[in-house]
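Here the structure comes first, spelled out in structure tokens, and everything after it is commentary.
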Amino acid sequence: MRSIFNLLIIFLIGLGIGSSTAWYSIQKSHGIGAINIGQWSAWPFVGGSAVDPYTGAKVVADGSLPLGAAEGLAFEAVKDEDDALLRLECTYRLEGVTPPAKLWTLVAYNTDGSPVTPGPGGTSAKYSGNLMRFPDASFVINIGKNPVSGNWISTNGKGNFKLVMRLYDTPVTSTSGLIDPVMPKILQIGCES
Amino acid sequence: MTKRIIYNLVCGLVLAGIIHIIIILLIPTFGTKDASDQLAQNNSLWEFVTLSSVKASNIAEIDPFFEIGACRYDLENESLLVTGPDTDAFWSASVFTEDGKILYSLTKRTAIEGKLSVLVVNPIQMSNLREIQPKEIETSILVETQSNKGFLVLRVLSPDDSWKPGIAAFLDGVQCNMFVAS
């Protein structure tokens with residue numbers, strides 16, 4: 001009786017900790033196999049055949065189509081500069097520059113991977129080709145419910161969301177290591193209570 | 001008593017490590033949410049479909065500025081030759097294995113003369129190609145794969161509605177054909 005009880009304890013510890021760490025390691029942004037720039041994470045090895053098991057498992061569990069190394073690199077962020085999770089109730093300001101790329105897109109997704117439904121008159125995605133920039137090529141994108149002049153990504157609803165910036169045809173994925181990538185900062189402006 | 005607890009804890013943690021590794025390694029094989037399984041449910045082999053037309057497609061985190069098309073292949077008997085017409089739009093493509101690994105990727109800029117023409121072969125077909133030297137190998141990008149099954153994904157940039165007709169025409173012209181060297 002005693003030994004069965006011990007076995008059960010061992011089994012429960014193993015199953016509990018083993019499966020929860022496995023789940024955690026592929027859910028988490030900034031996870032294993034990622035490169036991190038500020039709050040942005042990218043999985044550069046996802047685009048080649050030498051993908052590590054964690055990144056491979058993450059792709060399957062997310063059900064997404066990763067970008068090949070020659071196609072580009074996707075960066076995702078789930079937190080702002082203050083380490084708080086991104087929330088649809090809040091307004092954010094994305095400012096800075098991106099690494100060199102032929103083009104990029106910035107999309108807000110719900111946690112289930114569907115694009116955020118925009119508010120009336122807005123879109124929940126931005127393309128580098130129709131972006132307003134400052135003379136030094138830096139830019140500001142406002143993310144929130146209320147329309148803003150300049151670049152605006154419209155969000156709606158409640159809950160957490162995720163920002164994905166995809167750089168297409170970018171030298172960042174090359175292995176030369178000559179380019180030190182910089183990503184824009186995500187600053188929280190305020191929240192609706 | 002404490003000895004017993006520590007012993008249980010250590011055994012439990014060892015088991016946890018084993019279970020953790022097993023789960024991570026088995027997800028690609030048994031996962032059902034991945035792109036390859038989603039495509040397999042909705043379209044047949046060698047058929048090029050756009051994801052916007054595949055109704056049940058549930059692939060997560062699609063870039064809304066891109067039209068995405070895909071076709072599945074099986075190199076058991078024939079190779080895959082994907083060709084597309086000329087276009088002004090930016091496109092990129094990747095060749096996936098069945099478990100979602102990317103074998104090769106290219107963009108319009110890295111393709112031969114900016115044309116979509118990709119030949120996917122297994123090692124046996126590769127040696128055949130070397131012997132026969134068909135004219136397609138001059139104009140196509142050759143991708144060799146160890147696993148027979150997989151799929152090709154094509155992304156075409158579609159920044160606004162004015163691009164839609166041209167891109168639809170391009171995607172209509174994309175063909176995933178069986179290819180036998182002769």
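Quick note on naming: the chains in the structure tokens go A, B, ... in the order shown, residues restart at 1 in each chain, and ligands are numbered from 1 in order of appearance.
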
Margin query: Which residues are close to Gly173 of chain B, i.e. within 8 Å by only C-alpha atoms, leaving aside same-chain residues fewer than 3 positions away? Reply as a list in words.
Written below: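 Result of the neighbour search: Gly84, Pro85, Ala169 and Phe170 of chain B.
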
Contacts of chain A with chain B up to 8 Å, shortest pair per row, only C-alpha atoms, as CSV:
```
residue,atom,partner,partner_atom,distance
A:Asn6,CA,B:Asn8,CA,6.6
A:Leu7,CA,B:Asn8,CA,7.9
A:Ile9,CA,B:Asn8,CA,7.0
A:Ile10,CA,B:Gly12,CA,4.2
A:Phe11,CA,B:Gly12,CA,6.3
A:Leu12,CA,B:Gly12,CA,7.5
A:Ile13,CA,B:Gly12,CA,5.0
A:Gly14,CA,B:Ala16,CA,3.7
A:Leu15,CA,B:Ala16,CA,5.9
A:Gly16,CA,B:Ala16,CA,7.4
A:Ile17,CA,B:Ala16,CA,5.5
A:Gly18,CA,B:Ala16,CA,3.9
A:Ser19,CA,B:His20,CA,5.7
A:Thr21,CA,B:His20,CA,6.7
A:Ala22,CA,B:His20,CA,5.2
A:Val46,CA,B:Ile102,CA,7.5
A:Gly47,CA,B:Ile102,CA,5.7
A:Gly48,CA,B:Ile102,CA,5.2
A:Ser49,CA,B:Leu103,CA,5.4
A:Val51,CA,B:Lys101,CA,7.3
A:Pro53,CA,B:Leu25,CA,6.3
A:Tyr54,CA,B:Ile24,CA,6.4
A:Gly56,CA,B:Pro28,CA,6.8
A:Ala57,CA,B:Ile27,CA,5.5
A:Val59,CA,B:Asp34,CA,7.3
A:Val60,CA,B:Asp34,CA,4.6
A:Ala61,CA,B:Lys33,CA,6.5
A:Asp62,CA,B:Ala60,CA,6.8
A:Gly63,CA,B:Asp34,CA,4.1
A:Ser64,CA,B:Ala60,CA,4.8
A:Leu65,CA,B:Ala35,CA,6.3
A:Leu67,CA,B:Ser94,CA,7.6
A:Gly68,CA,B:Ser105,CA,5.1
A:Ala69,CA,B:Ser105,CA,6.5
A:Ala70,CA,B:Leu106,CA,5.3
A:Glu71,CA,B:Ser92,CA,5.8
A:Thr105,CA,B:Phe65,CA,7.4
A:Val107,CA,B:Asp63,CA,7.2
A:Tyr109,CA,B:Glu61,CA,6.9
A:Asp112,CA,B:Ala60,CA,7.4
A:Gly113,CA,B:Ala60,CA,4.6
A:Ser114,CA,B:Glu61,CA,5.9
A:Pro115,CA,B:Glu61,CA,7.0
A:Ala125,CA,B:Pro64,CA,7.4
A:Tyr127,CA,B:Pro159,CA,7.1
A:Gly129,CA,B:Pro159,CA,7.9
A:Asp169,CA,B:Thr107,CA,7.3
```

Next item on the list: Write down as JSON, numbers by chain the residues of segment 10-129 of chain A whose backbone DSSP state falls under strand (DSSP E or B).
Entry: {"A": [35, 36, 37, 40, 41, 42, 64, 72, 73, 74, 75, 76, 77, 79, 85, 87, 90, 91, 92, 93, 94, 95, 96, 103, 104, 105, 106, 107, 108, 109, 110, 115, 125, 126, 127]}

Item checked: Contacts of Ile37 of chain A within 7 Å, only C-alpha atoms, excl. fewer than 4 positions in-chain, as an MDAnalysis selection string -> chainID A and resid 41 182:183

Note to self: Neighbouring residues of Pro123 of chain B were defined as those with any atom within 7 Å, considering only C-alpha atoms; residues of the same chain fewer than 4 positions away were excluded. Please report them as number ranges by chain.
What the structure shows: B: 127, 144-146

Margin query: Can you tell me which residues surround Lys149 of chain B at a distance of at most 9 Å, considering only C-alpha atoms, apart from same-chain residues fewer than 2 positions away, and format the answer as a list in words?
Written below: Arg72, Tyr73, Asp74, Leu75, Glu76, Phe96, Thr97, Glu98, Ser147 and Phe151 of chain B

Writing out the chosen residues with C-alpha atoms as a short mmCIF file (atom, residue, chain, number, x, y, z; two decimals), in the first residue's frame:
```
data_model
loop_
_atom_site.label_atom_id
_atom_site.label_comp_id
_atom_site.auth_asym_id
_atom_site.auth_seq_id
_atom_site.Cartn_x
_atom_site.Cartn_y
_atom_site.Cartn_z
CA ARG B 72 0.75 19.57 -51.15
CA TYR B 73 3.08 17.10 -52.85
CA ASP B 74 4.15 13.51 -52.58
CA LEU B 75 7.39 12.65 -54.34
CA GLU B 76 6.81 8.89 -54.22
CA PHE B 96 7.91 22.61 -46.11
CA THR B 97 8.24 19.01 -45.05
CA GLU B 98 5.15 17.29 -43.69
CA SER B 147 11.14 13.07 -46.95
CA PHE B 151 3.87 21.29 -49.11
#
```

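Interatomic distance, atom CA of Pro135 of chain A to atom CA of Val97 of chain A: 11.9 Å.
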
Notebook entry, point to check: Which residues, written as a PyMOL selection string, have at least one atom at most 7 Å from Val82 of chain B, with only C-alpha atoms counted and residues fewer than 4 positions away on the same chain left out?
Noted result: chain B and resi 117-119+175-177

Limited to C-alpha atoms, could you put the picked residues into a file as a PDB file, in the first residue's frame?
```
ATOM      1  CA  SER B 117       9.951  28.013 -60.922  1.00  0.00           C
ATOM      2  CA  VAL B 118      10.837  25.493 -58.248  1.00  0.00           C
ATOM      3  CA  LEU B 119      11.613  21.825 -58.726  1.00  0.00           C
ATOM      4  CA  GLN B 175       0.656  25.484 -61.226  1.00  0.00           C
ATOM      5  CA  CYS B 176       1.842  22.596 -59.095  1.00  0.00           C
ATOM      6  CA  ASN B 177       2.587  19.887 -61.605  1.00  0.00           C
TER       7      ASN B 177
END
```

Checklist line | Among the residues A:Glu95, A:Asp80, A:Glu89, A:Asp52, the one that comes closest to Ser138 of chain A [using only C-alpha atoms] | finding: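 Closest residue, counting only C-alpha atoms: A:Glu95.
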